[in-house]
>>> print(open('my_file-v1.cif').read())   # mmCIF, C-alpha atoms
data_coords
#
loop_
_atom_site.label_atom_id
_atom_site.label_comp_id
_atom_site.auth_asym_id
_atom_site.auth_seq_id
_atom_site.Cartn_x
_atom_site.Cartn_y
_atom_site.Cartn_z
CA MET A 39 -12.29 -4.64 0.25
CA ALA A 40 -10.81 -6.66 3.11
CA GLN A 41 -8.29 -9.34 2.20
CA LEU A 42 -9.62 -12.86 2.71
CA VAL A 43 -7.89 -16.08 3.69
CA ARG A 44 -9.29 -18.74 1.38
CA VAL A 45 -8.99 -22.53 1.29
CA GLN A 46 -9.77 -23.67 -2.25
CA ASN A 47 -10.12 -26.96 -4.02
CA PHE A 48 -9.03 -28.88 -0.97
CA ASN A 49 -9.84 -32.57 -1.24
CA VAL A 50 -10.81 -35.09 1.39
CA SER A 51 -12.48 -38.49 1.49
CA SER A 52 -15.95 -38.97 2.92
CA ASP A 53 -14.27 -39.93 6.20
CA GLY A 54 -12.49 -36.56 6.21
CA ILE A 55 -9.00 -37.75 5.28
CA GLY A 56 -6.82 -35.52 3.08
CA ALA A 57 -3.43 -37.22 3.42
CA GLY A 58 -1.95 -40.48 4.59
CA ASN A 59 -0.20 -40.88 7.89
CA ASP A 60 3.17 -39.14 7.99
CA ALA A 61 5.16 -42.38 7.64
CA ASP A 62 3.30 -43.22 4.42
CA GLN A 63 4.18 -39.99 2.58
CA SER A 64 7.13 -40.31 0.23
CA LEU A 65 8.62 -39.10 -3.03
CA GLU A 66 6.79 -41.91 -4.81
CA ASN A 67 3.51 -41.39 -2.98
CA PRO A 68 3.24 -37.70 -2.07
CA PHE A 69 -0.17 -38.03 -0.46
CA GLY A 70 0.65 -41.26 1.33
CA LEU A 71 -2.74 -42.59 0.24
CA PRO A 72 -3.77 -45.43 -2.06
CA GLY A 73 -5.06 -43.97 -5.34
CA PRO A 74 -4.99 -40.30 -4.34
CA GLU A 75 -6.17 -39.31 -7.83
CA ARG A 76 -9.58 -40.50 -6.68
CA LEU A 77 -9.59 -37.39 -4.49
CA PHE A 78 -8.63 -34.81 -7.11
CA GLY A 79 -9.64 -36.41 -10.41
CA TRP A 80 -12.75 -34.21 -10.54
CA ALA A 81 -10.51 -31.13 -10.78
CA GLY A 82 -8.24 -32.58 -13.46
CA ALA A 83 -11.28 -33.19 -15.68
CA THR A 84 -12.20 -29.50 -15.84
CA ALA A 85 -11.25 -26.97 -18.51
CA SER A 86 -9.74 -24.58 -15.95
CA TRP A 87 -7.52 -27.06 -14.10
CA PRO A 88 -4.32 -25.02 -13.56
CA MET A 89 -2.04 -27.90 -14.62
CA ARG A 90 -3.99 -28.59 -17.83
CA THR A 91 -1.81 -28.49 -20.95
CA ASP A 92 -4.29 -29.66 -23.61
CA PRO A 93 -7.53 -27.92 -24.63
CA GLY A 94 -10.83 -29.47 -23.64
CA GLY A 95 -12.20 -30.34 -20.25
CA SER A 96 -15.63 -29.86 -18.72
CA ARG A 97 -17.20 -26.45 -18.10
CA GLY A 98 -19.91 -27.48 -15.68
CA LEU A 99 -20.16 -26.99 -11.95
CA ASP A 100 -16.72 -28.37 -11.08
CA ASP A 101 -15.11 -25.90 -13.45
CA TYR A 102 -16.42 -22.97 -11.41
CA PHE A 103 -14.24 -24.19 -8.58
CA THR A 104 -11.06 -24.70 -10.57
CA ARG A 105 -11.50 -21.42 -12.44
CA ASP A 106 -11.78 -19.61 -9.11
CA TYR A 107 -8.44 -21.00 -7.94
CA ALA A 108 -6.35 -17.98 -8.96
CA ARG A 109 -8.99 -15.23 -8.95
CA ASN A 110 -7.80 -12.34 -6.77
CA ILE A 111 -5.14 -14.48 -5.06
CA GLY A 112 -1.92 -12.63 -4.23
CA ALA A 113 -0.04 -15.20 -2.17
CA GLU A 114 -0.25 -18.80 -0.93
CA ILE A 115 0.61 -20.30 2.43
CA MET A 116 1.39 -24.01 2.52
CA GLY A 117 2.71 -26.48 5.03
CA ARG A 118 6.06 -28.08 4.54
CA ASN A 119 4.47 -31.47 3.95
CA LYS A 120 2.71 -30.07 0.89
CA PHE A 121 5.99 -28.69 -0.42
CA GLY A 122 7.89 -31.97 -0.21
CA PRO A 123 8.25 -35.37 1.39
CA GLN A 124 11.34 -34.55 3.44
CA ARG A 125 11.20 -34.12 7.20
CA GLY A 126 13.62 -32.37 9.57
CA PRO A 127 16.48 -30.10 8.47
CA TRP A 128 16.95 -29.62 4.72
CA LEU A 129 19.80 -31.90 3.67
CA ASP A 130 20.32 -29.86 0.51
CA ASP A 131 18.47 -27.18 -1.44
CA GLU A 132 17.95 -29.25 -4.56
CA TRP A 133 14.31 -30.08 -3.86
CA ARG A 134 12.20 -27.32 -5.44
CA GLY A 135 8.69 -28.70 -4.95
CA TRP A 136 6.54 -31.14 -6.92
CA TRP A 137 5.50 -28.78 -9.67
CA GLY A 138 8.40 -28.55 -12.13
CA ASP A 139 9.72 -25.34 -13.67
CA GLU A 140 6.25 -23.73 -13.98
CA PRO A 141 4.50 -24.04 -10.64
CA PRO A 142 0.76 -23.28 -10.79
CA PHE A 143 0.88 -20.61 -8.08
CA HIS A 144 2.19 -17.53 -9.96
CA THR A 145 2.49 -15.60 -6.67
CA PRO A 146 4.76 -15.62 -3.63
CA VAL A 147 4.35 -18.88 -1.68
CA PHE A 148 5.13 -19.09 2.03
CA VAL A 149 6.20 -22.57 3.13
CA MET A 150 5.83 -23.05 6.89
CA THR A 151 8.83 -24.88 8.31
CA HIS A 152 10.96 -24.80 11.43
CA HIS A 153 14.06 -25.21 9.26
CA GLU A 154 15.62 -22.28 7.46
CA ARG A 155 16.22 -22.26 3.76
CA PRO A 156 16.88 -19.47 1.23
CA SER A 157 14.01 -18.24 -0.95
CA PHE A 158 14.07 -19.19 -4.64
CA THR A 159 12.05 -18.37 -7.74
CA LEU A 160 10.68 -20.67 -10.44
CA SER A 161 9.04 -18.77 -13.31
CA ASP A 162 6.63 -16.33 -11.62
CA THR A 163 6.42 -18.21 -8.31
CA THR A 164 8.77 -17.36 -5.43
CA PHE A 165 8.99 -19.77 -2.50
CA HIS A 166 9.82 -18.35 0.92
CA PHE A 167 10.51 -20.56 3.95
CA VAL A 168 9.14 -19.15 7.16
CA ASP A 169 8.96 -20.21 10.78
CA GLY A 170 6.30 -18.87 13.09
CA ALA A 171 2.75 -19.12 14.32
CA PRO A 172 -0.06 -18.97 11.73
CA ALA A 173 -0.84 -15.34 12.57
CA THR A 174 2.78 -14.31 12.01
CA VAL A 175 3.09 -16.13 8.72
CA LEU A 176 -0.26 -14.77 7.61
CA GLU A 177 0.93 -11.23 8.27
CA GLN A 178 3.82 -11.76 5.85
CA ALA A 179 1.57 -13.35 3.24
CA LEU A 180 -1.04 -10.58 3.44
CA GLU A 181 1.65 -7.99 2.87
CA ALA A 182 3.09 -9.91 -0.07
CA ALA A 183 -0.41 -10.27 -1.55
CA GLN A 184 -0.63 -6.49 -1.96
CA GLY A 185 -4.30 -6.16 -1.24
CA LYS A 186 -5.35 -9.43 -2.85
CA ASP A 187 -6.49 -12.52 -0.95
CA VAL A 188 -4.28 -15.26 0.48
CA ARG A 189 -4.85 -18.89 -0.49
CA LEU A 190 -4.29 -21.37 2.29
CA GLY A 191 -3.08 -24.30 0.25
CA GLY A 192 -2.90 -27.10 2.82
CA GLY A 193 -2.08 -29.76 3.78
CA VAL A 194 -4.52 -30.90 6.38
CA ASN A 195 -2.43 -29.98 9.40
CA THR A 196 -1.82 -26.47 8.12
CA ILE A 197 -5.52 -25.87 7.53
CA ARG A 198 -6.35 -27.20 10.96
CA GLN A 199 -3.80 -24.87 12.56
CA PHE A 200 -5.36 -21.88 10.80
CA LEU A 201 -8.88 -22.99 11.70
CA ASP A 202 -7.84 -23.40 15.32
CA ALA A 203 -6.46 -19.85 15.26
CA ASP A 204 -9.72 -18.65 13.60
CA LEU A 205 -7.81 -17.22 10.62
CA VAL A 206 -9.85 -18.77 7.77
CA ASP A 207 -12.50 -16.67 6.00
CA THR A 208 -13.79 -18.99 3.28
CA MET A 209 -13.23 -22.65 2.56
CA HIS A 210 -14.06 -24.92 -0.35
CA VAL A 211 -13.56 -28.62 0.33
CA ALA A 212 -14.43 -31.27 -2.25
CA VAL A 213 -15.48 -34.50 -0.56
CA SER A 214 -15.02 -37.67 -2.61
CA PRO A 215 -17.25 -40.70 -2.19
CA LEU A 216 -14.62 -43.06 -0.80
CA LYS A 217 -13.16 -43.87 2.60
CA PHE A 218 -9.52 -44.31 3.49
CA GLY A 219 -10.03 -45.45 7.07
CA SER A 220 -6.74 -44.06 8.31
CA GLY A 221 -4.71 -40.95 7.61
CA VAL A 222 -4.70 -37.29 8.55
CA ARG A 223 -8.22 -35.97 9.09
CA LEU A 224 -9.50 -32.50 8.31
CA TRP A 225 -12.61 -33.25 10.37
CA GLU A 226 -14.66 -36.02 11.86
CA SER A 227 -17.66 -34.25 10.36
CA PRO A 228 -18.00 -30.91 8.53
CA ASP A 229 -20.69 -30.01 11.06
CA GLU A 230 -17.87 -29.26 13.51
CA LEU A 231 -17.46 -25.94 11.72
CA LEU A 232 -21.08 -24.82 11.89
CA ASP A 233 -20.60 -22.74 15.01
CA ARG A 234 -18.35 -20.35 13.12
CA PHE A 235 -19.24 -20.84 9.46
CA HIS A 236 -22.19 -20.93 7.14
CA MET A 237 -22.05 -24.16 5.16
CA GLU A 238 -23.53 -25.16 1.83
CA VAL A 239 -23.30 -28.74 0.60
CA VAL A 240 -23.47 -29.02 -3.19
CA PRO A 241 -23.37 -32.43 -4.89
CA SER A 242 -21.69 -32.38 -8.29
CA PRO A 243 -22.57 -34.62 -11.23
CA SER A 244 -18.93 -35.77 -11.10
CA GLY A 245 -19.57 -37.54 -7.82
CA VAL A 246 -17.77 -35.20 -5.42
CA THR A 247 -19.72 -33.07 -2.99
CA HIS A 248 -18.54 -29.50 -2.71
CA HIS A 249 -18.63 -28.10 0.83
CA LEU A 250 -18.58 -24.30 0.96
CA PHE A 251 -17.92 -22.39 4.16
CA TRP A 252 -17.91 -18.72 4.93
CA ARG A 253 -17.82 -16.86 8.21
CA ARG A 254 -21.00 -16.28 10.17
CA MET B 296 -6.68 -19.81 -25.61
CA ALA B 297 -9.68 -19.33 -27.88
CA GLN B 298 -12.07 -16.50 -27.03
CA LEU B 299 -15.41 -17.72 -25.77
CA VAL B 300 -18.90 -16.27 -26.09
CA ARG B 301 -20.47 -16.63 -22.64
CA VAL B 302 -24.00 -16.11 -21.34
CA GLN B 303 -23.78 -15.52 -17.58
CA ASN B 304 -26.21 -15.05 -14.75
CA PHE B 305 -29.15 -15.01 -17.11
CA ASN B 306 -32.43 -15.45 -15.29
CA VAL B 307 -35.62 -17.16 -16.36
CA SER B 308 -38.71 -18.56 -14.67
CA SER B 309 -39.40 -22.28 -14.54
CA ASP B 310 -41.55 -21.81 -17.63
CA GLY B 311 -38.56 -20.33 -19.44
CA ILE B 312 -39.59 -16.68 -19.42
CA GLY B 313 -36.92 -14.00 -19.06
CA ALA B 314 -38.89 -10.85 -19.92
CA GLY B 315 -42.45 -9.70 -20.32
CA ASN B 316 -44.11 -9.18 -23.66
CA ASP B 317 -42.77 -6.18 -25.51
CA ALA B 318 -45.83 -4.03 -24.76
CA ASP B 319 -45.35 -4.59 -21.02
CA GLN B 320 -41.77 -3.30 -20.87
CA SER B 321 -41.49 0.29 -19.72
CA LEU B 322 -39.33 2.77 -17.85
CA GLU B 323 -41.19 1.84 -14.66
CA ASN B 324 -41.08 -1.88 -15.30
CA PRO B 325 -37.93 -2.65 -17.29
CA PHE B 326 -38.53 -6.39 -17.40
CA GLY B 327 -42.23 -6.08 -18.10
CA LEU B 328 -42.85 -8.80 -15.51
CA PRO B 329 -44.63 -8.81 -12.15
CA GLY B 330 -42.02 -8.94 -9.35
CA PRO B 331 -38.94 -9.41 -11.55
CA GLU B 332 -36.71 -9.35 -8.47
CA ARG B 333 -37.96 -12.88 -7.85
CA LEU B 334 -35.81 -13.81 -10.85
CA PHE B 335 -32.57 -12.14 -9.82
CA GLY B 336 -32.85 -11.81 -6.04
CA TRP B 337 -30.51 -14.81 -5.63
CA ALA B 338 -27.71 -12.80 -7.27
CA GLY B 339 -28.30 -9.67 -5.23
CA ALA B 340 -27.87 -11.68 -2.04
CA THR B 341 -24.29 -12.70 -2.87
CA ALA B 342 -21.07 -11.02 -1.77
CA SER B 343 -19.87 -10.64 -5.38
CA TRP B 344 -22.99 -9.07 -6.89
CA PRO B 345 -21.51 -6.38 -9.17
CA MET B 346 -24.00 -3.72 -8.04
CA ARG B 347 -23.38 -4.36 -4.31
CA THR B 348 -22.35 -1.24 -2.42
CA ASP B 349 -22.35 -2.55 1.17
CA PRO B 350 -20.12 -5.32 2.57
CA GLY B 351 -21.65 -8.68 3.42
CA GLY B 352 -23.53 -11.11 1.23
CA SER B 353 -23.36 -14.87 0.95
CA ARG B 354 -20.27 -16.75 -0.25
CA GLY B 355 -21.86 -20.07 -1.04
CA LEU B 356 -22.71 -21.65 -4.39
CA ASP B 357 -24.55 -18.65 -5.84
CA ASP B 358 -21.56 -16.44 -5.21
CA TYR B 359 -19.43 -18.56 -7.55
CA PHE B 360 -21.72 -17.44 -10.36
CA THR B 361 -21.74 -13.75 -9.55
CA ARG B 362 -17.99 -13.69 -8.94
CA ASP B 363 -17.43 -15.23 -12.36
CA TYR B 364 -19.39 -12.44 -14.04
CA ALA B 365 -16.39 -10.29 -14.96
CA ARG B 366 -13.62 -12.91 -15.01
CA ASN B 367 -11.78 -12.72 -18.35
CA ILE B 368 -14.56 -10.73 -19.99
CA GLY B 369 -13.37 -8.11 -22.50
CA ALA B 370 -16.64 -6.93 -24.02
CA GLU B 371 -20.40 -7.36 -23.77
CA ILE B 372 -23.06 -7.63 -26.44
CA MET B 373 -26.61 -6.75 -25.47
CA GLY B 374 -29.90 -6.25 -27.24
CA ARG B 375 -31.46 -2.85 -27.42
CA ASN B 376 -34.30 -3.95 -25.15
CA LYS B 377 -31.80 -4.60 -22.37
CA PHE B 378 -30.31 -1.15 -22.86
CA GLY B 379 -33.58 0.74 -22.56
CA PRO B 380 -37.36 0.69 -22.86
CA GLN B 381 -37.54 2.82 -26.02
CA ARG B 382 -38.43 1.33 -29.39
CA GLY B 383 -37.82 2.68 -32.90
CA PRO B 384 -35.51 5.60 -33.75
CA TRP B 385 -33.80 7.32 -30.82
CA LEU B 386 -35.76 10.48 -30.09
CA ASP B 387 -32.81 11.97 -28.25
CA ASP B 388 -29.49 10.78 -26.86
CA GLU B 389 -30.28 11.51 -23.25
CA TRP B 390 -31.04 7.91 -22.30
CA ARG B 391 -27.76 6.35 -21.16
CA GLY B 392 -28.95 2.98 -19.87
CA TRP B 393 -30.35 1.78 -16.56
CA TRP B 394 -27.11 1.64 -14.63
CA GLY B 395 -26.27 5.24 -13.60
CA ASP B 396 -22.83 6.80 -13.85
CA GLU B 397 -20.95 3.59 -12.95
CA PRO B 398 -22.29 0.79 -15.13
CA PRO B 399 -21.24 -2.68 -13.96
CA PHE B 400 -19.70 -3.68 -17.30
CA HIS B 401 -16.26 -1.99 -17.22
CA THR B 402 -15.64 -2.95 -20.87
CA PRO B 403 -16.89 -1.90 -24.28
CA VAL B 404 -20.58 -2.79 -24.68
CA PHE B 405 -22.13 -3.35 -28.11
CA VAL B 406 -25.85 -2.56 -28.19
CA MET B 407 -27.57 -4.18 -31.15
CA THR B 408 -30.00 -1.78 -32.80
CA HIS B 409 -31.19 -0.87 -36.27
CA HIS B 410 -31.05 2.80 -35.32
CA GLU B 411 -27.78 4.73 -35.33
CA ARG B 412 -26.53 6.58 -32.33
CA PRO B 413 -23.10 7.93 -31.35
CA SER B 414 -20.98 5.95 -28.89
CA PHE B 415 -20.57 7.36 -25.38
CA THR B 416 -18.57 6.52 -22.28
CA LEU B 417 -19.68 6.31 -18.64
CA SER B 418 -16.78 5.69 -16.26
CA ASP B 419 -14.91 2.70 -17.74
CA THR B 420 -17.80 1.43 -19.87
CA THR B 421 -18.19 2.58 -23.49
CA PHE B 422 -21.48 1.88 -25.26
CA HIS B 423 -21.41 1.37 -29.03
CA PHE B 424 -24.58 1.09 -31.11
CA VAL B 425 -24.28 -1.40 -33.91
CA ASP B 426 -26.52 -2.78 -36.63
CA GLY B 427 -25.87 -6.16 -38.19
CA ALA B 428 -26.26 -9.90 -37.94
CA PRO B 429 -25.02 -11.62 -34.75
CA ALA B 430 -21.85 -12.84 -36.51
CA THR B 431 -20.97 -9.32 -37.64
CA VAL B 432 -21.55 -7.77 -34.24
CA LEU B 433 -19.62 -10.59 -32.60
CA GLU B 434 -16.65 -9.91 -34.83
CA GLN B 435 -16.51 -6.34 -33.55
CA ALA B 436 -16.92 -7.42 -29.94
CA LEU B 437 -14.21 -10.08 -30.19
CA GLU B 438 -11.79 -7.52 -31.55
CA ALA B 439 -12.67 -5.02 -28.81
CA ALA B 440 -12.21 -7.76 -26.18
CA GLN B 441 -8.51 -8.02 -27.09
CA GLY B 442 -8.19 -11.73 -26.55
CA LYS B 443 -10.60 -11.98 -23.64
CA ASP B 444 -14.07 -13.53 -23.79
CA VAL B 445 -17.29 -11.82 -24.83
CA ARG B 446 -20.29 -11.80 -22.53
CA LEU B 447 -23.63 -12.13 -24.25
CA GLY B 448 -25.74 -10.11 -21.85
CA GLY B 449 -29.24 -10.71 -23.17
CA GLY B 450 -32.15 -10.13 -23.35
CA VAL B 451 -33.93 -13.26 -24.35
CA ASN B 452 -34.30 -12.41 -28.03
CA THR B 453 -30.62 -11.59 -28.38
CA ILE B 454 -29.56 -14.86 -26.77
CA ARG B 455 -31.94 -16.77 -29.00
CA GLN B 456 -30.50 -15.09 -32.10
CA PHE B 457 -26.99 -16.09 -31.09
CA LEU B 458 -28.08 -19.63 -30.24
CA ASP B 459 -29.80 -19.92 -33.61
CA ALA B 460 -26.56 -18.80 -35.29
CA ASP B 461 -24.62 -21.31 -33.15
CA LEU B 462 -22.40 -18.58 -31.72
CA VAL B 463 -22.68 -19.38 -27.99
CA ASP B 464 -19.90 -21.36 -26.27
CA THR B 465 -21.02 -21.49 -22.64
CA MET B 466 -24.23 -20.51 -20.91
CA HIS B 467 -25.27 -20.14 -17.30
CA VAL B 468 -29.00 -19.71 -16.76
CA ALA B 469 -30.52 -19.46 -13.28
CA VAL B 470 -34.04 -20.87 -13.25
CA SER B 471 -36.31 -19.55 -10.51
CA PRO B 472 -39.14 -21.61 -9.02
CA LEU B 473 -42.02 -19.52 -10.32
CA LYS B 474 -44.07 -19.30 -13.50
CA PHE B 475 -45.07 -16.17 -15.38
CA GLY B 476 -47.34 -17.85 -17.91
CA SER B 477 -46.72 -15.30 -20.62
CA GLY B 478 -43.73 -13.33 -21.81
CA VAL B 479 -40.63 -13.84 -23.91
CA ARG B 480 -39.34 -17.37 -23.63
CA LEU B 481 -35.72 -18.51 -23.73
CA TRP B 482 -36.90 -22.08 -24.16
CA GLU B 483 -39.86 -24.38 -23.80
CA SER B 484 -37.44 -26.74 -22.05
CA PRO B 485 -33.67 -26.61 -21.55
CA ASP B 486 -33.50 -30.05 -23.11
CA GLU B 487 -33.85 -28.33 -26.50
CA LEU B 488 -30.16 -27.50 -26.25
CA LEU B 489 -28.91 -30.99 -25.53
CA ASP B 490 -28.08 -31.77 -29.14
CA ARG B 491 -25.37 -29.13 -29.12
CA PHE B 492 -24.49 -28.65 -25.46
CA HIS B 493 -23.54 -30.58 -22.39
CA MET B 494 -25.87 -29.58 -19.57
CA GLU B 495 -25.54 -29.74 -15.83
CA VAL B 496 -28.47 -28.89 -13.56
CA VAL B 497 -27.39 -27.69 -10.12
CA PRO B 498 -29.99 -26.84 -7.46
CA SER B 499 -28.89 -24.07 -5.12
CA PRO B 500 -29.89 -23.73 -1.46
CA SER B 501 -31.28 -20.31 -2.44
CA GLY B 502 -34.04 -21.96 -4.46
CA VAL B 503 -32.83 -21.25 -7.99
CA THR B 504 -31.55 -24.06 -10.17
CA HIS B 505 -28.39 -23.25 -12.08
CA HIS B 506 -28.30 -24.64 -15.60
CA LEU B 507 -24.81 -24.87 -17.07
CA PHE B 508 -24.19 -25.46 -20.76
CA TRP B 509 -21.02 -25.93 -22.73
CA ARG B 510 -20.45 -27.10 -26.26
CA ARG B 511 -20.34 -30.79 -27.08
#
>>> encode(input="my_file-v1.cif", output="structure tokens")
Amino acid sequence: MAQLVRVQNFNVSSDGIGAGNDADQSLENPFGLPGPERLFGWAGATASWPMRTDPGGSRGLDDYFTRDYARNIGAEIMGRNKFGPQRGPWLDDEWRGWWGDEPPFHTPVFVMTHHERPSFTLSDTTFHFVDGAPATVLEQALEAAQGKDVRLGGGVNTIRQFLDADLVDTMHVAVSPLKFGSGVRLWESPDELLDRFHMEVVPSPSGVTHHLFWRR
Amino acid sequence: MAQLVRVQNFNVSSDGIGAGNDADQSLENPFGLPGPERLFGWAGATASWPMRTDPGGSRGLDDYFTRDYARNIGAEIMGRNKFGPQRGPWLDDEWRGWWGDEPPFHTPVFVMTHHERPSFTLSDTTFHFVDGAPATVLEQALEAAQGKDVRLGGGVNTIRQFLDADLVDTMHVAVSPLKFGSGVRLWESPDELLDRFHMEVVPSPSGVTHHLFWRR
């Protein structure tokens, strides 16, 4: 079975925005958006949400998407802006991501950055810091995934880079019924992807609309 | 994490029929229904269909249901009528199910029957033949599942027995847009389950309507 590159549970507003403008992202406001939980609240309500610590949660449609998050994933690639709010050279190595001592990845994670930094491990997640074009980074992640798929974790710019390089096999984007007006856009319209991808648009009772893409 | 009892990818017509009347089920027509592939064709079209031998297949909404089929499943319970067309005492032990030398279960399978028969193994699936009330059979399956969930594989009568005994935790039923008129019914209407279950009704672009249930 070929290894796939999968975007999963990525969240944007109905105007296609997945993060605030760069200047608005900070330690206090990682997404740089007003009320970002309006984008990902649907996922937090499900039984299979990876960060869930209590029992309970819904087991309807949305749960199929959160429960698929880790299935057959062997590595993640993320942009530096997903890893942390800093920009430019690392001033120190104290920042170890947003996720505490038990990150929800449980695989090697490749953080794309132009600035070197030693790898480190938290629980069963190891973060590597790699410089290079998407195809080069992907090669490393595919090898680390040992035959399993690679999750492309975002943010927006990272996904766009991989789409531009035609390196994405499947994509699940949850579109929330709100507009931010300004920020970093995944798309002007999902129809932009129809030349290369099949698309299904599935409204959820929770209010988000799941957009599912796979290669033509 | 508690072990769940899950009905998955179970197929019925819009009038709630999942199998023909008993007298209509045979070796040549396992479901005892005219054109039964109209019930499960949606699943066969997906990339993750467990019986798929060629690459390809869709990766949209329907695929989330077929790819969830084996996730965290440690055992299956099925009725004797799913296992084979015979009725009454086993005349011989030659019948080994419909699925050839590589059954798609890959776990222990408990076949509910009043008639004893020795267990046997095909590839990584072992079939056990057990007599007893749903709760008793479930106890055996839960133990065999070693902490994972138990799939309740059908047929209709078996699912109804477990529903009547309140032993089902989650249920996914794909309803196809056709009527059979007569046969074995899972329900007169899915609304019958609303007193005990949350329900979400999700139309798929393929034409089936996924019905998702989880305990209140």
>>> resolve_selection(input="my_file-v1.cif", expression="the PyMOL selection byres ((chain B and resi 485-499) around 10)", output="mmCIF file with C-alpha atoms, in the frame of the given file")
data_model
loop_
_atom_site.group_PDB
_atom_site.id
_atom_site.type_symbol
_atom_site.label_atom_id
_atom_site.label_comp_id
_atom_site.auth_asym_id
_atom_site.auth_seq_id
_atom_site.Cartn_x
_atom_site.Cartn_y
_atom_site.Cartn_z
ATOM 1 C CA SER A 96 -15.630 -29.860 -18.720
ATOM 2 C CA ARG A 97 -17.200 -26.450 -18.100
ATOM 3 C CA GLY A 98 -19.910 -27.480 -15.680
ATOM 4 C CA LEU A 99 -20.160 -26.990 -11.950
ATOM 5 C CA GLU A 238 -23.530 -25.160 1.830
ATOM 6 C CA VAL A 239 -23.300 -28.740 0.600
ATOM 7 C CA VAL A 240 -23.470 -29.020 -3.190
ATOM 8 C CA PRO A 241 -23.370 -32.430 -4.890
ATOM 9 C CA SER A 242 -21.690 -32.380 -8.290
ATOM 10 C CA PRO A 243 -22.570 -34.620 -11.230
ATOM 11 C CA GLY B 311 -38.560 -20.330 -19.440
ATOM 12 C CA TRP B 337 -30.510 -14.810 -5.630
ATOM 13 C CA GLY B 355 -21.860 -20.070 -1.040
ATOM 14 C CA LEU B 356 -22.710 -21.650 -4.390
ATOM 15 C CA ASP B 357 -24.550 -18.650 -5.840
ATOM 16 C CA LEU B 458 -28.080 -19.630 -30.240
ATOM 17 C CA ASP B 461 -24.620 -21.310 -33.150
ATOM 18 C CA VAL B 463 -22.680 -19.380 -27.990
ATOM 19 C CA ASP B 464 -19.900 -21.360 -26.270
ATOM 20 C CA THR B 465 -21.020 -21.490 -22.640
ATOM 21 C CA MET B 466 -24.230 -20.510 -20.910
ATOM 22 C CA HIS B 467 -25.270 -20.140 -17.300
ATOM 23 C CA VAL B 468 -29.000 -19.710 -16.760
ATOM 24 C CA ALA B 469 -30.520 -19.460 -13.280
ATOM 25 C CA VAL B 470 -34.040 -20.870 -13.250
ATOM 26 C CA LEU B 481 -35.720 -18.510 -23.730
ATOM 27 C CA TRP B 482 -36.900 -22.080 -24.160
ATOM 28 C CA GLU B 483 -39.860 -24.380 -23.800
ATOM 29 C CA SER B 484 -37.440 -26.740 -22.050
ATOM 30 C CA PRO B 500 -29.890 -23.730 -1.460
ATOM 31 C CA SER B 501 -31.280 -20.310 -2.440
ATOM 32 C CA GLY B 502 -34.040 -21.960 -4.460
ATOM 33 C CA VAL B 503 -32.830 -21.250 -7.990
ATOM 34 C CA THR B 504 -31.550 -24.060 -10.170
ATOM 35 C CA HIS B 505 -28.390 -23.250 -12.080
ATOM 36 C CA HIS B 506 -28.300 -24.640 -15.600
ATOM 37 C CA LEU B 507 -24.810 -24.870 -17.070
ATOM 38 C CA PHE B 508 -24.190 -25.460 -20.760
ATOM 39 C CA TRP B 509 -21.020 -25.930 -22.730
ATOM 40 C CA ARG B 510 -20.450 -27.100 -26.260
ATOM 41 C CA ARG B 511 -20.340 -30.790 -27.080
#
>>> resolve_selection(input="my_file-v1.cif", expression="the PyMOL selection byres ((chain A and resi 59) around 8)", output="PDB file with C-alpha atoms, in the frame of the given file")
ATOM      1  CA  ALA A  57      -3.430 -37.220   3.420  1.00  0.00           C
ATOM      2  CA  GLY A  58      -1.950 -40.480   4.590  1.00  0.00           C
ATOM      3  CA  ASP A  60       3.170 -39.140   7.990  1.00  0.00           C
ATOM      4  CA  ALA A  61       5.160 -42.380   7.640  1.00  0.00           C
ATOM      5  CA  ASP A  62       3.300 -43.220   4.420  1.00  0.00           C
ATOM      6  CA  GLN A  63       4.180 -39.990   2.580  1.00  0.00           C
ATOM      7  CA  GLY A  70       0.650 -41.260   1.330  1.00  0.00           C
ATOM      8  CA  SER A 220      -6.740 -44.060   8.310  1.00  0.00           C
ATOM      9  CA  GLY A 221      -4.710 -40.950   7.610  1.00  0.00           C
ATOM     10  CA  VAL A 222      -4.700 -37.290   8.550  1.00  0.00           C
TER      11      VAL A 222
END
>>> resolve_selection(input="my_file-v1.cif", expression="the PyMOL selection byres ((chain A and resi 164) around 12)", output="JSON, numbers by chain")
{"A": [112, 113, 114, 115, 134, 135, 139, 140, 141, 142, 143, 144, 145, 146, 147, 148, 149, 156, 157, 158, 159, 160, 161, 162, 163, 165, 166, 167, 179, 182]}
>>> residues_around(input="my_file-v1.cif", residues="stretch 87-90 of chain A", least_positions_apart="3", cutoff="7 Å", atoms="all atoms listed in the file", output="PyMOL selection string")
chain A and resi 81-82+84+104+142
>>> atom_distance(input="my_file-v1.cif", atom1="atom CA of B:Gly450", atom2="atom CA of B:Arg301")
13.4 Å
>>> closest_residue(input="my_file-v1.cif", among="B:Asn367, B:Asn376, B:Gln303, B:Thr408", to="B:Phe326", atoms="all atoms listed in the file")
B:Asn376
>>> residues_around(input="my_file-v1.cif", residues="A:Phe200", least_positions_apart="2", cutoff="10 Å", atoms="all atoms listed in the file", output="list in words")
Val43, Ala171, Pro172, Ala173, Leu176, Leu190, Gly192, Asn195, Thr196, Ile197, Arg198, Asp202, Ala203, Asp204, Leu205 and Val206 of chain A
>>> atom_distance(input="my_file-v1.cif", atom1="atom CA of B:Lys443", atom2="atom CA of B:Arg362")
16.5 Å
